[in-house]
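K.L.:
Coordinates in data-v7.txt, compact mmCIF, C-alpha atoms, are listed below.
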```txt
# COMPACT_ATOMS: atom_id res chain seq x y z
CA MET A 220 -9.45 -5.18 -16.24
CA LYS A 221 -9.79 -8.77 -17.44
CA LEU A 222 -8.26 -11.59 -15.47
CA GLN A 223 -6.10 -12.70 -18.41
CA ASP A 224 -4.63 -9.17 -18.60
CA CYS A 225 -3.78 -9.29 -14.90
CA TYR A 226 -1.69 -12.42 -15.48
CA ALA A 227 -0.19 -11.08 -18.71
CA ASP A 228 0.85 -7.85 -16.98
CA ASN A 229 2.24 -9.81 -13.99
CA LEU A 230 -0.26 -8.14 -11.66
CA LEU A 231 -1.33 -11.62 -10.58
CA ARG A 232 1.00 -14.58 -10.48
CA MET A 233 0.80 -18.15 -9.31
CA GLU A 234 2.78 -19.46 -6.39
CA VAL A 235 2.49 -22.25 -3.87
CA PRO A 236 -0.73 -21.94 -1.84
CA SER A 237 -0.03 -20.54 1.62
CA PRO A 238 -2.45 -21.29 4.44
CA GLU A 239 -0.17 -19.29 6.73
CA LYS A 240 -0.39 -16.14 4.60
CA ALA A 241 -4.15 -16.67 4.33
CA ARG A 242 -4.38 -16.87 8.13
CA LYS A 243 -2.29 -13.70 8.54
CA ALA A 244 -4.40 -11.87 5.96
CA MET A 245 -7.55 -12.81 7.89
CA GLU A 246 -5.98 -11.54 11.13
CA THR A 247 -5.13 -8.27 9.40
CA ALA A 248 -8.68 -8.02 8.05
CA LYS A 249 -10.10 -8.39 11.55
CA GLU A 250 -7.66 -5.82 12.97
CA ARG A 251 -8.53 -3.29 10.26
CA ALA A 252 -12.26 -3.86 10.82
CA GLU A 253 -11.76 -3.19 14.54
CA ARG A 254 -9.80 -0.03 13.70
CA GLY A 255 -12.68 1.03 11.47
CA LYS A 256 -15.11 0.63 14.36
CA ALA A 257 -12.88 2.72 16.61
CA LEU A 258 -12.65 5.44 13.97
CA PHE A 259 -16.42 5.34 13.57
CA ASP A 260 -16.88 5.74 17.32
CA GLU A 261 -14.72 8.87 17.18
CA GLU A 262 -16.85 10.17 14.26
CA PHE A 263 -14.07 9.84 11.66
CA TYR A 264 -16.46 8.49 9.05
CA GLU A 265 -14.29 8.81 5.94
CA GLU A 266 -11.44 7.09 7.72
CA ALA A 267 -13.78 4.37 9.00
CA LEU A 268 -14.87 3.72 5.42
CA VAL A 269 -11.24 3.47 4.29
CA ALA A 270 -10.53 1.05 7.13
CA ALA A 271 -13.58 -0.99 6.14
CA TYR A 272 -12.29 -1.27 2.58
CA THR A 273 -8.82 -2.20 3.81
CA ALA A 274 -10.30 -4.96 5.94
CA MET A 275 -12.31 -6.29 2.98
CA PHE A 276 -9.21 -6.17 0.79
CA HIS A 277 -7.12 -8.19 3.24
CA ALA A 278 -9.93 -10.73 3.55
CA ALA A 279 -10.00 -11.01 -0.24
CA ARG A 280 -6.23 -11.51 -0.29
CA ALA A 281 -6.66 -14.43 2.11
CA ILE A 282 -8.58 -16.28 -0.60
CA LEU A 283 -5.86 -15.54 -3.13
CA PHE A 284 -3.14 -16.79 -0.77
CA LYS A 285 -5.16 -19.96 -0.15
CA ASP A 286 -5.42 -20.43 -3.93
CA GLY A 287 -1.71 -19.75 -4.48
CA ILE A 288 -2.10 -16.34 -6.12
CA ILE A 289 0.00 -13.26 -5.42
CA GLU A 290 -1.46 -9.87 -6.32
CA LYS A 291 0.01 -6.53 -7.28
CA SER A 292 -3.26 -4.75 -8.08
CA HIS A 293 -6.47 -4.09 -6.20
CA VAL A 294 -8.42 -4.23 -9.46
CA CYS A 295 -6.92 -7.63 -10.28
CA VAL A 296 -7.96 -8.99 -6.88
CA ILE A 297 -11.51 -8.06 -7.81
CA ALA A 298 -11.15 -9.62 -11.27
CA TYR A 299 -9.87 -12.86 -9.73
CA LEU A 300 -12.66 -13.03 -7.19
CA GLU A 301 -15.32 -12.34 -9.79
CA GLU A 302 -13.98 -14.58 -12.54
CA VAL A 303 -12.76 -17.49 -10.41
CA VAL A 304 -14.10 -17.50 -6.87
CA VAL A 305 -17.69 -16.47 -7.62
CA LYS A 306 -17.87 -18.78 -10.65
CA ARG A 307 -16.80 -21.79 -8.60
CA GLY A 308 -19.51 -20.93 -6.08
CA ASP A 309 -17.30 -20.05 -3.12
CA LEU A 310 -18.41 -16.44 -2.65
CA GLU A 311 -21.47 -14.40 -3.57
CA LEU A 312 -21.11 -11.63 -6.13
CA LYS A 313 -22.44 -9.04 -3.68
CA TYR A 314 -19.16 -9.18 -1.73
CA ILE A 315 -17.13 -8.38 -4.82
CA THR A 316 -19.53 -5.56 -5.68
CA TRP A 317 -19.10 -4.12 -2.20
CA LEU A 318 -15.34 -4.48 -2.38
CA ASP A 319 -15.19 -2.67 -5.71
CA THR A 320 -17.52 0.11 -4.55
CA TYR A 321 -15.45 0.80 -1.46
CA ARG A 322 -12.22 0.50 -3.47
CA LYS A 323 -13.39 3.42 -5.59
CA GLU A 324 -14.47 5.44 -2.57
CA ARG A 325 -11.16 4.75 -0.85
CA HIS A 326 -9.34 5.94 -3.96
CA ARG A 327 -11.34 9.19 -4.04
CA GLU A 328 -10.76 9.72 -0.34
CA LEU A 329 -7.00 9.11 -0.47
CA TYR A 330 -6.18 10.77 -3.77
CA GLY A 331 -8.94 13.30 -4.34
CA PHE A 332 -8.88 16.91 -3.24
CA GLU A 333 -12.29 16.92 -1.61
CA PRO A 334 -13.41 14.71 1.27
CA LEU A 335 -16.10 12.19 0.43
CA GLY A 336 -18.46 13.61 2.99
CA THR A 337 -19.17 10.12 4.25
CA THR A 338 -22.12 10.08 6.62
CA ALA A 339 -22.41 8.08 9.80
CA ASP A 340 -24.99 5.83 8.10
CA GLU A 341 -22.69 5.19 5.13
CA ALA A 342 -19.74 4.36 7.37
CA LYS A 343 -21.89 2.12 9.55
CA LEU A 344 -23.15 0.25 6.49
CA ALA A 345 -19.58 -0.20 5.22
CA LEU A 346 -18.52 -1.65 8.57
CA GLU A 347 -21.53 -3.97 8.69
CA ARG A 348 -20.79 -5.19 5.18
CA THR A 349 -17.15 -5.68 6.11
CA ALA A 350 -18.09 -7.90 9.05
CA GLU A 351 -20.40 -9.93 6.80
CA MET A 352 -17.74 -10.33 4.13
CA ILE A 353 -15.09 -11.37 6.63
CA LYS A 354 -17.41 -14.13 7.92
CA ALA A 355 -18.07 -15.35 4.38
CA VAL A 356 -14.39 -15.30 3.44
CA LYS A 357 -13.45 -17.13 6.64
CA LYS A 358 -15.67 -20.01 5.51
CA VAL A 359 -13.95 -20.07 2.11
CA VAL A 360 -10.46 -19.94 3.61
CA ASN A 361 -11.31 -22.67 6.13
CA GLY A 362 -12.84 -24.86 3.41
CA LYS A 363 -16.33 -24.78 4.89
CA ARG A 364 -18.10 -23.37 1.85
```
Take the structure in this file and express it as structure tokens.

P.N.:
Amino acid sequence: MKLQDCYADNLLRMEVPSPEKARKAMETAKERAERGKALFDEEFYEEALVAAYTAMFHAARAILFKDGIIEKSHVCVIAYLEEVVVKRGDLELKYITWLDTYRKERHRELYGFEPLGTTADEAKLALERTAEMIKAVKKVVNGKR
């Protein structure tokens, strides 16, 4: 979906920037990442991957809140990050690629009829990428990038 369509369909809308919502979104991201690690430790790999995506998503939302954007679509969050945040040099494209990949896997896991069959290595990689993305987003949200 194109960014302009997200605005036209009211899936993204502008509002006053909210450092407080950005802070809360970052806290949620960290909590979900920790939950993902706990699920991984219990060998719930599909669920750990879903938690990793959820953590990445909340981190991404923190940037939107900082920028004064409210979202109603996971796809539109990705479009905003790619078309605005990456272009202004605040975040590397790899983070958006990871976010979109895990968004699709999360969707298959939650709405599909077959489990993903996520391996321990795949879940571990997702959690490592989540931690890296959260660090990068924290710099953006705190204005250090």

K.L.:
Please tell me which residues are no farther than 10 Å from (-13.6, -0.8, 13.8) in the file, counting only C-alpha atoms, and write them as a ChimeraX atom specification.

P.N.:
/A:249-260,267-268,270-271,274,343,346-347,349-350

K.L.:
I'd like the interatomic distance between atom CA of Pro238 of chain A and atom CA of Ile297 of chain A, to a tenth of an Å.

P.N.:
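Straight-line distance from atom CA of Pro238 of chain A to atom CA of Ile297 of chain A works out to 20.2 Å.
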
K.L.:
List as a list in words the protein and nucleic acid residues near Leu231 of chain A, meaning an atom at most 8 Å away when only C-alpha atoms are counted, but skip any in the same chain fewer than 2 places from it.

P.N.:
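Counting only C-alpha atoms, the residues come to Cys225, Tyr226, Asp228, Asn229, Met233, Ile288, Ile289, Glu290, Lys291, Ser292 and Cys295 of chain A.
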
K.L.:
If we count all atoms listed in the file, what is near Val294 of chain A at a cut-off of 12 Å, once residues fewer than 2 positions away on the same chain are taken out, given as a PyMOL selection string?

P.N.:
chain A and resi 220-222+224-225+230-231+276+279-280+290-292+296-301+315-316+318-323+326

K.L.:
Could you check the closest approach to Ile353 of chain A for each of A:Glu302, A:Arg232, A:Lys243, A:Tyr314 and tell me which residue wins, using all atoms listed in the file?

P.N.:
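Smallest distance to Ile353 of chain A is found for A:Tyr314.
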
K.L.:
Pick from A:Ala345, A:Ala355, A:Met275, A:Leu310: nearest to His293 of chain A, with only C-alpha atoms counted?

P.N.:
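Smallest distance to His293 of chain A is found for A:Met275.
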
K.L.:
Edge lengths and centre, in Å to one decimal, as lines of an AutoDock Vina configuration file: that's what I need for the box along x, y and z that holds all listed atoms of segment 312-316 of chain A plus 6 Å on each side.

P.N.:
```
center_x = -19.8
center_y = -8.6
center_z = -3.9
size_x = 17.3
size_y = 18.1
size_z = 16.4
```

K.L.:
Which residue, A:Trp317, A:Glu265, A:Gly308, A:Phe284, has the smallest gap to Arg348 of chain A when you use all atoms listed in the file?

P.N.:
A:Trp317

K.L.:
Would you please work out which residue, of A:Val235, A:Leu344, A:Ala339, A:Val269, is nearest to Lys285 of chain A when using all atoms listed in the file?

P.N.:
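Ranking A:Val235, A:Leu344, A:Ala339, A:Val269 by distance to Lys285 of chain A, first place goes to A:Val235.
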
K.L.:
What is the distance between atom CA of Leu283 of chain A and atom CA of Lys313 of chain A, in Å to one decimal?

P.N.:
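Pair atom CA of Leu283 of chain A / atom CA of Lys313 of chain A returns 17.8 Å.
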
K.L.:
Give the answer as one residue: which of A:Glu333, A:Ile282, A:Glu266, A:Leu312 has the shortest atom-to-atom distance to Lys240 of chain A, using only C-alpha atoms?

P.N.:
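Among A:Glu333, A:Ile282, A:Glu266, A:Leu312, it is A:Ile282 that comes nearest to Lys240 of chain A.
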
K.L.:
State, in Å with one decimal place, the distance from atom CA of Lys358 of chain A to atom CA of Ala281 of chain A.

P.N.:
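Computing it gives 11.1 Å between the two atoms.
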
K.L.:
Out of A:Glu239, A:Asn361, A:Met245, A:Gly287, which residue has the shortest atom-to-atom distance to Thr273 of chain A when counting all atoms listed in the file?

P.N.:
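Looking at the shortest contact to Thr273 of chain A, the residue is A:Met245.
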